[in-house]
>>> print(open('run-v7.csv').read())   # CSV, C-alpha atoms
chain,number,residue,atom,x,y,z
A,8,MET,CA,-62.7,-9.9,-61.5
A,9,LYS,CA,-60.1,-9.9,-64.2
A,10,GLN,CA,-56.5,-9.8,-63.2
A,11,ILE,CA,-53.5,-8.9,-65.3
A,12,ASP,CA,-49.9,-10.0,-64.6
A,13,CYS,CA,-47.9,-6.8,-64.4
A,14,ILE,CA,-48.3,-3.0,-64.3
A,15,LEU,CA,-45.3,-0.8,-65.0
A,16,LEU,CA,-45.2,2.6,-63.4
A,17,VAL,CA,-43.0,5.2,-65.1
A,18,ASP,CA,-42.7,8.2,-62.8
A,19,ASP,CA,-39.9,10.1,-61.1
A,20,ASN,CA,-42.0,11.0,-58.0
A,21,PRO,CA,-41.4,8.5,-55.2
A,22,ALA,CA,-44.4,9.6,-53.2
A,23,ASP,CA,-46.7,9.0,-56.2
A,24,ASN,CA,-45.1,5.6,-56.9
A,25,LEU,CA,-45.7,4.5,-53.3
A,26,TYR,CA,-49.2,5.8,-53.3
A,27,HIS,CA,-50.1,4.3,-56.7
A,28,SER,CA,-48.6,0.9,-55.6
A,29,ILE,CA,-50.8,0.9,-52.5
A,30,ILE,CA,-53.9,1.7,-54.6
A,31,ILE,CA,-53.0,-0.9,-57.3
A,32,ASN,CA,-52.5,-3.6,-54.6
A,33,GLU,CA,-55.7,-2.6,-53.0
A,34,SER,CA,-57.6,-2.9,-56.3
A,35,GLY,CA,-56.2,-6.4,-56.9
A,36,VAL,CA,-56.1,-5.9,-60.7
A,37,CYS,CA,-52.6,-7.2,-61.1
A,38,LYS,CA,-50.1,-9.7,-59.6
A,39,GLN,CA,-47.0,-7.5,-59.6
A,40,ILE,CA,-46.0,-3.9,-59.9
A,41,LYS,CA,-42.7,-2.7,-61.4
A,42,ILE,CA,-41.4,0.9,-61.0
A,43,VAL,CA,-38.9,2.8,-63.1
A,44,THR,CA,-38.2,6.5,-62.6
A,45,ASP,CA,-37.8,8.0,-66.1
A,46,GLY,CA,-38.2,7.2,-69.8
A,47,LEU,CA,-34.6,5.9,-70.3
A,48,GLU,CA,-35.1,3.4,-67.5
A,49,ALA,CA,-38.4,2.4,-69.0
A,50,ILE,CA,-36.9,1.7,-72.4
A,51,ALA,CA,-34.1,-0.3,-70.8
A,52,TYR,CA,-36.7,-2.3,-68.7
A,53,LEU,CA,-38.8,-3.0,-71.8
A,54,GLU,CA,-35.8,-4.1,-73.9
A,55,LYS,CA,-35.0,-6.7,-71.2
A,56,SER,CA,-38.6,-7.7,-70.5
A,57,LEU,CA,-39.6,-8.1,-74.2
A,58,SER,CA,-36.6,-10.2,-75.0
A,59,HIS,CA,-37.5,-12.4,-72.1
A,60,GLU,CA,-34.0,-12.5,-70.7
A,61,ASN,CA,-35.0,-12.6,-67.1
A,62,GLU,CA,-38.7,-13.0,-66.6
A,63,THR,CA,-38.6,-12.9,-62.8
A,64,GLU,CA,-36.7,-9.6,-62.6
A,65,PHE,CA,-38.3,-8.1,-65.7
A,66,PRO,CA,-41.8,-9.5,-66.2
A,67,GLU,CA,-43.6,-8.2,-69.3
A,68,PRO,CA,-46.1,-5.4,-68.4
A,69,GLN,CA,-49.6,-5.5,-69.9
A,70,LEU,CA,-50.3,-1.9,-68.7
A,71,ILE,CA,-47.9,1.1,-68.5
A,72,PHE,CA,-48.8,4.2,-66.5
A,73,LEU,CA,-46.6,6.9,-68.0
A,74,ASP,CA,-45.9,10.3,-66.4
A,75,ILE,CA,-45.1,13.3,-68.7
A,76,ASN,CA,-42.7,15.5,-66.7
A,77,MET,CA,-39.6,13.4,-65.9
A,78,PRO,CA,-35.9,14.2,-66.0
A,79,ARG,CA,-33.5,12.7,-68.6
A,80,MET,CA,-36.3,11.3,-70.9
A,81,ASN,CA,-39.8,12.6,-70.5
A,82,GLY,CA,-43.1,10.8,-71.3
A,83,PHE,CA,-43.3,12.1,-74.9
A,84,GLU,CA,-39.6,11.3,-75.6
A,85,PHE,CA,-40.2,7.9,-74.2
A,86,LEU,CA,-43.1,7.4,-76.7
A,87,GLU,CA,-40.8,8.4,-79.6
A,88,SER,CA,-38.2,5.8,-78.6
A,89,TYR,CA,-40.9,3.2,-77.8
A,90,ILE,CA,-42.4,3.5,-81.3
A,91,LYS,CA,-38.9,2.7,-82.7
A,92,MET,CA,-38.5,-0.5,-80.7
A,93,ASN,CA,-38.7,-3.8,-82.6
A,94,HIS,CA,-40.7,-6.2,-80.5
A,95,ARG,CA,-43.8,-7.9,-81.6
A,96,GLU,CA,-45.1,-8.3,-78.1
A,97,LYS,CA,-45.2,-4.6,-77.8
A,98,LYS,CA,-48.6,-4.6,-79.5
A,99,SER,CA,-50.3,-6.1,-76.5
A,100,ILE,CA,-49.1,-3.4,-74.1
A,101,LEU,CA,-51.6,-0.8,-73.1
A,102,ILE,CA,-50.2,2.7,-72.4
A,103,SER,CA,-52.0,5.2,-70.3
A,104,MET,CA,-50.6,8.6,-69.7
A,105,LEU,CA,-50.8,9.6,-66.1
A,106,THR,CA,-50.1,13.1,-65.2
A,107,THR,CA,-50.9,16.2,-63.1
A,108,SER,CA,-51.1,18.2,-66.3
A,109,ILE,CA,-54.4,19.9,-66.8
A,110,ASN,CA,-53.0,21.4,-69.9
A,111,SER,CA,-55.3,20.3,-72.8
A,112,ASP,CA,-52.4,20.6,-75.3
A,113,ASP,CA,-50.7,17.8,-73.5
A,114,LYS,CA,-53.7,15.6,-73.8
A,115,ASP,CA,-54.2,16.4,-77.4
A,116,LYS,CA,-50.6,15.7,-78.1
A,117,ALA,CA,-50.6,12.4,-76.2
A,118,LEU,CA,-53.6,11.1,-78.0
A,119,THR,CA,-52.0,11.7,-81.4
A,120,TYR,CA,-49.8,8.7,-80.6
A,121,ASN,CA,-51.4,5.5,-81.7
A,122,VAL,CA,-49.7,3.6,-78.9
A,123,VAL,CA,-51.4,5.7,-76.3
A,124,SER,CA,-54.9,4.4,-75.3
A,125,GLU,CA,-55.7,6.5,-72.3
A,126,PHE,CA,-55.0,9.9,-70.7
A,127,GLN,CA,-55.6,9.9,-67.0
A,128,ASN,CA,-55.1,12.5,-64.3
A,129,LYS,CA,-53.3,11.6,-61.1
A,130,PRO,CA,-53.9,10.0,-58.7
A,131,ILE,CA,-54.7,6.4,-59.8
A,132,THR,CA,-57.9,5.3,-58.2
A,133,VAL,CA,-59.4,1.9,-57.6
A,134,PRO,CA,-62.5,2.5,-59.9
A,135,MET,CA,-60.1,3.8,-62.6
A,136,LEU,CA,-58.1,0.6,-62.5
A,137,HIS,CA,-61.2,-1.6,-62.5
A,138,SER,CA,-62.7,0.2,-65.5
A,139,LEU,CA,-59.4,0.1,-67.4
A,140,VAL,CA,-59.0,-3.6,-66.9
A,141,GLU,CA,-62.6,-4.2,-67.7
A,142,LYS,CA,-62.4,-2.2,-70.9
A,143,TYR,CA,-59.1,-3.5,-72.3
A,144,PHE,CA,-58.4,-7.0,-70.9
B,25,MET,CA,-47.7,76.9,-98.8
B,26,GLN,CA,-44.8,74.5,-98.4
B,27,ILE,CA,-45.4,74.4,-94.6
B,28,SER,CA,-49.0,73.4,-94.8
B,29,LYS,CA,-48.4,71.0,-97.7
B,30,ASN,CA,-45.5,69.1,-96.1
B,31,GLN,CA,-46.4,69.8,-92.5
B,32,ASP,CA,-42.7,70.7,-92.2
B,33,TYR,CA,-42.5,73.3,-89.4
B,34,SER,CA,-38.7,73.6,-89.6
B,35,ILE,CA,-39.0,75.9,-92.6
B,36,GLN,CA,-38.6,79.6,-91.7
B,37,VAL,CA,-40.2,82.6,-93.5
B,38,PRO,CA,-37.5,84.8,-95.1
B,39,LYS,CA,-37.5,88.3,-93.6
B,40,ALA,CA,-37.2,90.9,-96.4
B,41,THR,CA,-37.7,94.2,-94.6
B,42,ASN,CA,-37.6,95.7,-91.1
B,43,ASP,CA,-41.1,97.1,-91.1
B,44,GLU,CA,-44.3,95.7,-89.8
B,45,VAL,CA,-44.2,92.9,-92.4
B,46,GLY,CA,-40.7,92.1,-91.2
B,47,GLN,CA,-42.0,91.9,-87.6
B,48,LEU,CA,-44.8,89.7,-88.7
B,49,ALA,CA,-42.3,87.4,-90.3
B,50,ASP,CA,-40.3,87.3,-87.1
B,51,SER,CA,-43.4,86.4,-85.0
B,52,PHE,CA,-44.4,83.8,-87.5
B,53,ASN,CA,-41.0,82.3,-87.4
B,54,ILE,CA,-41.1,82.1,-83.6
B,55,LEU,CA,-44.4,80.4,-83.8
B,56,LEU,CA,-43.1,78.0,-86.4
B,57,GLN,CA,-40.2,77.1,-84.1
B,58,LYS,CA,-42.5,76.4,-81.2
B,59,ILE,CA,-44.7,74.2,-83.3
B,60,GLN,CA,-41.6,72.4,-84.6
B,61,GLN,CA,-40.4,71.9,-81.1
B,62,GLN,CA,-43.7,70.6,-79.8
B,63,THR,CA,-44.0,68.3,-82.8
B,64,VAL,CA,-40.6,66.8,-82.0
B,65,GLU,CA,-41.6,66.4,-78.4
B,66,LEU,CA,-44.9,64.8,-79.3
B,67,ILE,CA,-43.2,62.3,-81.6
B,68,GLU,CA,-40.8,61.5,-78.7
B,69,LYS,CA,-43.7,61.0,-76.3
B,70,ASN,CA,-45.5,58.8,-78.7
B,71,LYS,CA,-42.4,56.6,-79.1
B,72,LYS,CA,-42.1,56.4,-75.3
B,73,ILE,CA,-45.8,55.4,-75.0
B,74,PHE,CA,-45.4,52.8,-77.7
B,75,GLN,CA,-42.3,51.5,-75.9
B,76,ASN,CA,-44.1,51.4,-72.5
B,77,ASN,CA,-47.0,49.6,-74.1
B,78,LYS,CA,-44.7,47.0,-75.5
B,79,GLU,CA,-43.0,46.5,-72.1
B,80,LEU,CA,-46.3,46.3,-70.4
B,81,ALA,CA,-47.5,43.6,-72.7
B,82,VAL,CA,-44.3,41.6,-72.0
B,83,VAL,CA,-44.7,42.0,-68.2
B,84,ASN,CA,-48.4,41.1,-68.5
B,85,SER,CA,-47.7,37.9,-70.4
B,86,GLU,CA,-44.9,37.0,-68.0
B,87,LEU,CA,-47.2,37.5,-65.0
B,88,GLN,CA,-49.9,35.3,-66.7
B,89,GLN,CA,-47.3,32.6,-67.3
B,90,PHE,CA,-46.1,32.9,-63.7
B,91,VAL,CA,-49.7,32.4,-62.3
B,92,TYR,CA,-50.2,29.5,-64.7
B,93,VAL,CA,-46.9,27.7,-63.8
B,94,ALA,CA,-47.3,28.5,-60.1
B,95,SER,CA,-50.8,27.2,-59.8
B,96,HIS,CA,-49.9,24.2,-61.9
B,97,ASP,CA,-46.8,23.2,-59.9
B,98,PHE,CA,-48.5,23.9,-56.5
B,99,GLN,CA,-51.0,21.2,-57.3
B,100,GLU,CA,-48.5,18.4,-57.3
B,101,PRO,CA,-47.2,18.5,-53.7
B,102,LEU,CA,-50.7,19.3,-52.6
B,103,ARG,CA,-52.0,16.2,-54.2
B,104,THR,CA,-49.4,14.1,-52.5
B,105,ILE,CA,-50.5,15.5,-49.1
B,106,ILE,CA,-54.1,14.7,-49.9
B,107,ASN,CA,-53.3,11.2,-51.0
B,108,PHE,CA,-51.4,10.3,-47.9
B,109,VAL,CA,-53.8,12.0,-45.5
B,110,GLU,CA,-56.4,9.7,-47.1
B,111,LEU,CA,-54.2,6.7,-46.5
B,112,LEU,CA,-53.5,7.8,-42.9
B,113,ASN,CA,-57.2,8.1,-42.4
B,114,LYS,CA,-57.8,4.6,-43.6
B,115,SER,CA,-55.1,3.1,-41.4
B,116,LEU,CA,-56.4,5.1,-38.5
B,117,ASP,CA,-59.8,3.5,-38.7
B,118,GLN,CA,-58.4,0.5,-37.0
B,119,ASN,CA,-56.9,2.4,-34.1
B,120,HIS,CA,-59.6,4.8,-33.2
B,121,ASN,CA,-57.5,7.7,-32.1
B,122,GLU,CA,-60.0,10.5,-32.0
B,123,ASP,CA,-57.6,13.4,-31.5
B,124,VAL,CA,-55.6,12.4,-34.5
B,125,ALA,CA,-58.7,12.0,-36.6
B,126,VAL,CA,-59.6,15.6,-35.8
B,127,TYR,CA,-56.2,16.9,-36.7
B,128,LEU,CA,-56.4,14.9,-40.0
B,129,LYS,CA,-59.8,16.4,-40.7
B,130,TYR,CA,-58.3,19.9,-40.5
B,131,ILE,CA,-55.4,19.0,-42.7
B,132,GLU,CA,-57.9,17.5,-45.2
B,133,ASP,CA,-60.1,20.6,-45.2
B,134,ALA,CA,-57.2,22.9,-45.6
B,135,THR,CA,-55.6,21.0,-48.4
B,136,THR,CA,-59.0,20.6,-50.2
B,137,LYS,CA,-59.5,24.4,-49.9
B,138,MET,CA,-56.0,25.1,-51.2
B,139,GLN,CA,-56.6,22.7,-54.1
B,140,ARG,CA,-59.8,24.6,-55.0
B,141,LEU,CA,-58.1,27.9,-54.8
B,142,ILE,CA,-55.3,26.8,-57.1
B,143,HIS,CA,-57.7,25.4,-59.5
B,144,GLU,CA,-59.7,28.6,-59.7
B,145,LEU,CA,-56.6,30.7,-59.9
B,146,LEU,CA,-55.5,28.5,-62.8
B,147,ASP,CA,-58.8,29.0,-64.6
B,148,PHE,CA,-58.5,32.8,-63.8
B,149,SER,CA,-55.1,32.9,-65.4
B,150,ARG,CA,-56.3,31.2,-68.5
B,151,ILE,CA,-59.0,33.9,-69.2
B,152,GLY,CA,-56.2,36.2,-70.3
B,153,LYS,CA,-55.2,34.0,-73.1
B,154,GLU,CA,-56.2,34.8,-76.7
B,155,THR,CA,-59.1,32.5,-77.7
B,156,PRO,CA,-60.6,32.2,-81.1
B,157,LEU,CA,-64.0,33.8,-81.4
B,158,GLU,CA,-66.8,31.4,-82.2
B,159,LYS,CA,-70.6,31.6,-82.5
B,160,VAL,CA,-72.0,30.8,-79.1
B,161,ASP,CA,-75.6,30.0,-78.5
B,162,CYS,CA,-76.2,31.3,-75.0
B,163,ASN,CA,-79.3,29.1,-74.7
B,164,LYS,CA,-77.2,26.0,-75.2
B,165,VAL,CA,-74.5,27.4,-72.8
B,166,LEU,CA,-77.2,27.8,-70.1
B,167,GLU,CA,-78.4,24.2,-70.7
B,168,ASP,CA,-74.8,23.0,-70.3
B,169,VAL,CA,-74.4,25.0,-67.1
B,170,LYS,CA,-77.7,23.6,-65.7
B,171,ASN,CA,-76.5,20.1,-66.4
B,172,LEU,CA,-73.2,20.7,-64.8
B,173,LEU,CA,-74.8,22.1,-61.7
B,174,GLY,CA,-77.4,19.3,-61.6
B,175,LEU,CA,-76.7,18.2,-58.1
B,176,LYS,CA,-76.6,21.7,-56.7
B,177,ILE,CA,-79.8,22.5,-58.4
B,178,LYS,CA,-81.5,19.4,-57.1
B,179,GLU,CA,-80.3,19.8,-53.5
B,180,SER,CA,-81.3,23.5,-53.3
B,181,LYS,CA,-84.5,22.9,-55.4
B,182,ALA,CA,-83.5,26.0,-57.4
B,183,ILE,CA,-85.8,27.2,-60.1
B,184,ILE,CA,-84.0,28.6,-63.1
B,185,HIS,CA,-85.8,30.4,-65.9
B,186,HIS,CA,-84.5,32.1,-68.9
B,187,THR,CA,-85.9,34.0,-71.8
B,188,GLN,CA,-84.7,33.4,-75.4
B,189,LEU,CA,-81.0,34.3,-75.4
B,190,PRO,CA,-79.0,35.5,-78.3
B,191,ILE,CA,-76.2,33.9,-80.3
B,192,ILE,CA,-73.0,35.9,-79.7
B,193,LYS,CA,-69.4,35.9,-80.8
B,194,ALA,CA,-67.2,34.8,-77.9
B,195,SER,CA,-65.4,31.8,-76.5
B,196,GLU,CA,-67.9,29.1,-75.5
B,197,VAL,CA,-65.7,27.9,-72.6
B,198,GLU,CA,-65.5,31.4,-71.2
B,199,MET,CA,-69.3,32.1,-71.6
B,200,ARG,CA,-69.9,28.8,-69.7
B,201,GLN,CA,-67.6,29.9,-66.9
B,202,LEU,CA,-69.3,33.3,-66.7
B,203,PHE,CA,-72.9,31.9,-66.4
B,204,MET,CA,-71.7,29.1,-64.2
B,205,ASN,CA,-70.1,31.5,-61.7
B,206,LEU,CA,-73.1,33.8,-61.6
B,207,ILE,CA,-75.6,31.0,-61.3
B,208,THR,CA,-73.5,29.1,-58.7
B,209,ASN,CA,-73.5,32.4,-56.6
B,210,ALA,CA,-77.2,32.8,-57.0
B,211,ILE,CA,-77.8,29.4,-55.6
B,212,LYS,CA,-75.2,29.7,-52.9
B,213,TYR,CA,-75.9,33.1,-51.4
B,214,GLN,CA,-79.3,32.3,-50.1
B,215,LYS,CA,-80.9,32.3,-46.6
B,216,LYS,CA,-81.0,28.8,-45.2
B,217,ASP,CA,-84.0,26.8,-46.7
B,218,ASN,CA,-84.9,29.5,-49.1
B,219,ILE,CA,-85.7,28.1,-52.6
B,220,PRO,CA,-83.4,30.0,-55.1
B,221,LYS,CA,-85.3,31.6,-58.0
B,222,ILE,CA,-83.1,32.7,-60.8
B,223,GLU,CA,-84.1,34.6,-63.9
B,224,ILE,CA,-81.8,35.0,-66.8
B,225,SER,CA,-82.7,37.5,-69.5
B,226,SER,CA,-81.2,39.5,-72.3
B,227,GLN,CA,-81.9,42.7,-74.3
B,228,GLU,CA,-80.5,43.7,-77.6
B,229,GLN,CA,-79.2,47.2,-77.5
B,230,GLN,CA,-77.6,49.4,-80.1
B,231,HIS,CA,-74.2,47.8,-80.2
B,232,GLU,CA,-74.4,45.2,-77.5
B,233,PHE,CA,-76.4,42.6,-75.7
B,234,LEU,CA,-77.3,43.3,-72.1
B,235,PHE,CA,-77.7,40.2,-70.0
B,236,THR,CA,-79.2,40.0,-66.5
B,237,VAL,CA,-79.0,37.2,-63.9
B,238,ALA,CA,-81.4,38.0,-61.1
B,239,ASP,CA,-81.8,36.1,-57.9
B,240,ASN,CA,-83.9,36.2,-54.7
B,241,GLY,CA,-80.8,35.7,-52.5
B,242,ILE,CA,-79.4,37.5,-49.5
B,243,GLY,CA,-78.4,40.6,-51.5
B,244,ILE,CA,-75.3,42.8,-51.2
B,245,GLU,CA,-75.0,46.0,-49.1
B,246,ALA,CA,-74.4,49.2,-51.0
B,247,PRO,CA,-70.7,49.7,-50.0
B,248,TYR,CA,-69.8,46.3,-51.4
B,249,LEU,CA,-71.5,46.5,-54.8
B,250,GLU,CA,-68.2,47.3,-56.6
B,251,ARG,CA,-65.9,45.4,-54.3
B,252,VAL,CA,-67.4,42.0,-54.9
B,253,PHE,CA,-65.7,42.0,-58.3
B,254,ILE,CA,-62.2,42.4,-56.8
B,255,ILE,CA,-60.2,39.1,-56.7
B,256,PHE,CA,-60.0,37.4,-53.2
B,257,GLN,CA,-62.6,39.9,-51.9
B,258,ARG,CA,-65.0,38.0,-49.7
B,259,LEU,CA,-68.0,39.4,-47.7
B,260,HIS,CA,-68.8,36.3,-45.7
B,261,LYS,CA,-67.1,33.9,-43.3
B,262,ALA,CA,-66.1,30.6,-45.0
B,263,SER,CA,-68.2,28.8,-42.4
B,264,GLU,CA,-71.3,30.7,-43.6
B,265,TYR,CA,-70.7,30.7,-47.3
B,266,PRO,CA,-67.5,28.9,-48.5
B,267,GLY,CA,-65.7,30.4,-51.5
B,268,THR,CA,-62.4,31.5,-52.8
B,269,GLY,CA,-63.2,35.1,-53.9
B,270,ILE,CA,-62.2,34.4,-57.4
B,271,GLY,CA,-65.6,33.8,-59.1
B,272,LEU,CA,-66.8,37.3,-59.7
B,273,ALA,CA,-63.3,38.5,-60.5
B,274,ALA,CA,-63.2,35.9,-63.2
B,275,CYS,CA,-66.6,37.1,-64.5
B,276,LYS,CA,-65.3,40.6,-64.7
B,277,LYS,CA,-62.2,39.5,-66.5
B,278,ILE,CA,-64.2,37.6,-69.1
B,279,VAL,CA,-66.7,40.4,-69.7
B,280,GLU,CA,-64.0,43.0,-70.0
B,281,LYS,CA,-62.1,40.8,-72.5
B,282,TYR,CA,-65.1,41.3,-74.8
B,283,ASN,CA,-65.1,45.1,-74.1
B,284,GLY,CA,-68.2,44.7,-72.0
B,285,LYS,CA,-69.1,45.9,-68.5
B,286,ILE,CA,-70.4,44.0,-65.5
B,287,TRP,CA,-72.2,45.4,-62.5
B,288,VAL,CA,-74.7,44.5,-59.8
B,289,ASP,CA,-77.9,46.0,-58.5
B,290,SER,CA,-78.8,44.8,-55.1
B,291,LYS,CA,-80.2,45.6,-51.7
B,292,LYS,CA,-79.4,43.6,-48.6
B,293,GLY,CA,-82.1,41.0,-48.2
B,294,GLU,CA,-83.8,41.7,-51.5
B,295,GLY,CA,-81.8,39.6,-54.0
B,296,SER,CA,-79.2,40.7,-56.6
B,297,SER,CA,-79.3,41.4,-60.3
B,298,PHE,CA,-76.0,41.0,-62.1
B,299,HIS,CA,-75.9,42.7,-65.4
B,300,PHE,CA,-73.3,42.4,-68.1
B,301,THR,CA,-72.9,43.5,-71.7
B,302,ILE,CA,-71.2,41.7,-74.6
B,303,ILE,CA,-70.6,43.5,-77.9
B,304,ASN,CA,-72.9,42.5,-80.7
B,305,ASN,CA,-70.8,41.9,-83.8
>>> encode(input="run-v7.csv", output="C-alpha cells")
Amino acid sequence: MKQIDCILLVDDNPADNLYHSIIINESGVCKQIKIVTDGLEAIAYLEKSLSHENETEFPEPQLIFLDINMPRMNGFEFLESYIKMNHREKKSILISMLTTSINSDDKDKALTYNVVSEFQNKPITVPMLHSLVEKYF
Amino acid sequence: MQISKNQDYSIQVPKATNDEVGQLADSFNILLQKIQQQTVELIEKNKKIFQNNKELAVVNSELQQFVYVASHDFQEPLRTIINFVELLNKSLDQNHNEDVAVYLKYIEDATTKMQRLIHELLDFSRIGKETPLEKVDCNKVLEDVKNLLGLKIKESKAIIHHTQLPIIKASEVEMRQLFMNLITNAIKYQKKDNIPKIEISSQEQQHEFLFTVADNGIGIEAPYLERVFIIFQRLHKASEYPGTGIGLAACKKIVEKYNGKIWVDSKKGEGSSFHFTIINN
C-alpha cells in the first residue's frame, strides 16, 4: 500500500482531531500527522514548512484536511490566503475539505477553488483514506 | 354623479329644501357617511392584514432558519459521540465486558436514531425553501427512487409497477423525496414475510394530475387517516416499525407547496392508497 509522509489536519474541534488521528494511524496511509486549529495557524505552519526551516517540527504535508467553520480564519478564508502564498512546492499539496456541512452551497463554493481537489464529509474513514491515497499519490 | 365616478363617499348632497326631497337628501347623506366610514375601516383592516402577512412571512422564515441551523449544529456533537462509541466498542473487544457492551449498544442505537431524526428534520426544513420549477419526468424520478431503494426492494422482494407517468413542473429533488417516502412506507408497513406489491398510477384531470401509490400493506384504521400526515405522529412502536414520524409530513409539505392535496384511502389489513394532486401547468 502507498504511504505518504505527512497529513495536516486543520480543525478547531479537539475531539475530531483525536478521532481523525486514530483513524489515520489505523489506516497506515501516512508516517506523521500534524494538527493546527484554525486557518491562521495553518498558514503559519505552511510558511515554515514550505521554506524548510525546521523539517522535523514542520514536515511538508502532502495532504491537508480542511474544516470550514473555524474561529479567526475559516476554511474559505484560508484558501484565499493560501492562493496568495508564493511557494513552488505548494502545487504538490492536495487539499480536501472536511466538514459536517451538508449545505450544497458550501460544496459548490469549495470546488470553485482550483486548489481544492476533494470535498468530504466528516468523519474521516479508513476506506476514504485508502481511496484518496490510491487516487492521487 | 361625482360620487360614483370618483368613488368619493365623503361628498355630501346639498340640502335645498325642507320637504320630502330635503329629507331624502338627509337620509342619502347619512348613508354616504356610513359608506365613507366603512370604507375607511376597510382600508385600515386591509393595511393591518398586509402588515400581519408581512410579519408572518418574517416569523416563518426565521423559524425555517432556526430548524435548519438547529438540525445542522446538533449533528456535530452527535457525530462525536458516535465516533467515540465506535472506538470504545473496538477497544472493548479485547476485554469482553458484556454489561458495558450492552450499554454501548443502547447509546449507539439512540445516537443513530437521533442522527436520523435530525437528518430528516433538516430535509423537512428545506422543503420550505423556494426552488426553481423544472420539467420533471415522473417516470425517471420513479426509476431513480427504485435504484436508491435497491437493497430494500431486494430484501423485501417488493414488486413495483407503474403506469406511464406525466412530465410535470416541480422540483425534481422534492418529487424524488415524495415518491421515496411513499414507496419506503409501502415496503415497510407490511405483515412479516408478506411480499409488498406497489402500484403507482396517474390520471390527468382538468387542472391537475392525480397520482396514486397503492400497496398491499397493513393498512390504516379510520381514525388515523388524517393524523398520519402530522409531523412526529406515529402509529406503531419503534420495535415493530421503526421511523421518525416525519416522512408523510414531508410529503404533505411538498404537495401543498405545489397547491396540491394529499390523502389516503385505507382499511386496516387491506392495504393503503395514497393519493396526491399536482397542478398541471
>>> atom_distance(input="run-v7.csv", atom1="atom CA of Thr107 of chain A", atom2="atom CA of Asn32 of chain A")
21.6 Å
>>> closest_atom_pairs(input="run-v7.csv", of="chain B", to="chain A", cutoff="12 Å", atoms="all atoms listed in the file", output="CSV")
residue,atom,partner,partner_atom,distance
B:Tyr92,CA,A:Asn110,CA,10.0
B:Val93,CA,A:Asn110,CA,10.7
B:Ser95,CA,A:Ile109,CA,10.7
B:His96,CA,A:Ser108,CA,7.5
B:Asp97,CA,A:Thr107,CA,8.7
B:Phe98,CA,A:Thr107,CA,10.4
B:Gln99,CA,A:Thr107,CA,7.7
B:Glu100,CA,A:Thr107,CA,6.7
B:Pro101,CA,A:Ala22,CA,9.3
B:Leu102,CA,A:Thr107,CA,10.9
B:Arg103,CA,A:Pro130,CA,7.9
B:Thr104,CA,A:Ala22,CA,6.8
B:Ile105,CA,A:Ala22,CA,9.4
B:Ile106,CA,A:Pro130,CA,10.0
B:Asn107,CA,A:Tyr26,CA,7.2
B:Phe108,CA,A:Tyr26,CA,7.4
B:Val109,CA,A:Tyr26,CA,11.0
B:Glu110,CA,A:Tyr26,CA,10.3
B:Leu111,CA,A:Tyr26,CA,8.5
B:Leu112,CA,A:Tyr26,CA,11.4
B:Lys114,CA,A:Ile29,CA,11.9
B:Ile142,CA,A:Ile109,CA,11.9
B:His143,CA,A:Ile109,CA,9.7
B:Leu146,CA,A:Ile109,CA,9.5
B:Asp147,CA,A:Ile109,CA,10.3
B:Arg150,CA,A:Asn110,CA,10.4
>>> residues_around(input="run-v7.csv", residues="Lys281 of chain B", least_positions_apart="5", cutoff="12 Å", atoms="all atoms listed in the file", output="ChimeraX atom specification")
/B:150-155,157,194-195,198-199,202,274-276,286,301-303
>>> residues_around(input="run-v7.csv", residues="His137 of chain A", least_positions_apart="4", cutoff="8 Å", atoms="all atoms listed in the file", output="JSON, numbers by chain")
{"A": [34, 36, 133, 141]}
>>> atom_distance(input="run-v7.csv", atom1="atom CA of Asn81 of chain A", atom2="atom CA of Gly46 of chain A")
5.7 Å
>>> atom_distance(input="run-v7.csv", atom1="atom CA of Ile191 of chain B", atom2="atom CA of Pro156 of chain B")
15.7 Å
>>> closest_residue(input="run-v7.csv", among="B:Val288, B:Leu116, B:Val124, B:Ala134", to="Phe235 of chain B", atoms="only C-alpha atoms")
B:Val288
>>> residues_around(input="run-v7.csv", residues="Val43 of chain A", least_positions_apart="6", cutoff="8 Å", atoms="all atoms listed in the file", output="number ranges by chain")
A: 15-19, 49, 52
>>> closest_residue(input="run-v7.csv", among="B:Glu132, B:Asp117, B:Asp289, B:Asp43", to="Ile244 of chain B", atoms="only C-alpha atoms")
B:Asp289
>>> residues_around(input="run-v7.csv", residues="Asn113 of chain B", least_positions_apart="6", cutoff="9 Å", atoms="only C-alpha atoms", output="VMD selection string")
chain B and resid 125 128 to 129
>>> residues_near_point(input="run-v7.csv", point="(-37.3, 16.1, -66.1)", cutoff="12 Å", atoms="only C-alpha atoms", output="VMD selection string")
chain A and resid 18 to 20 44 to 47 74 to 85
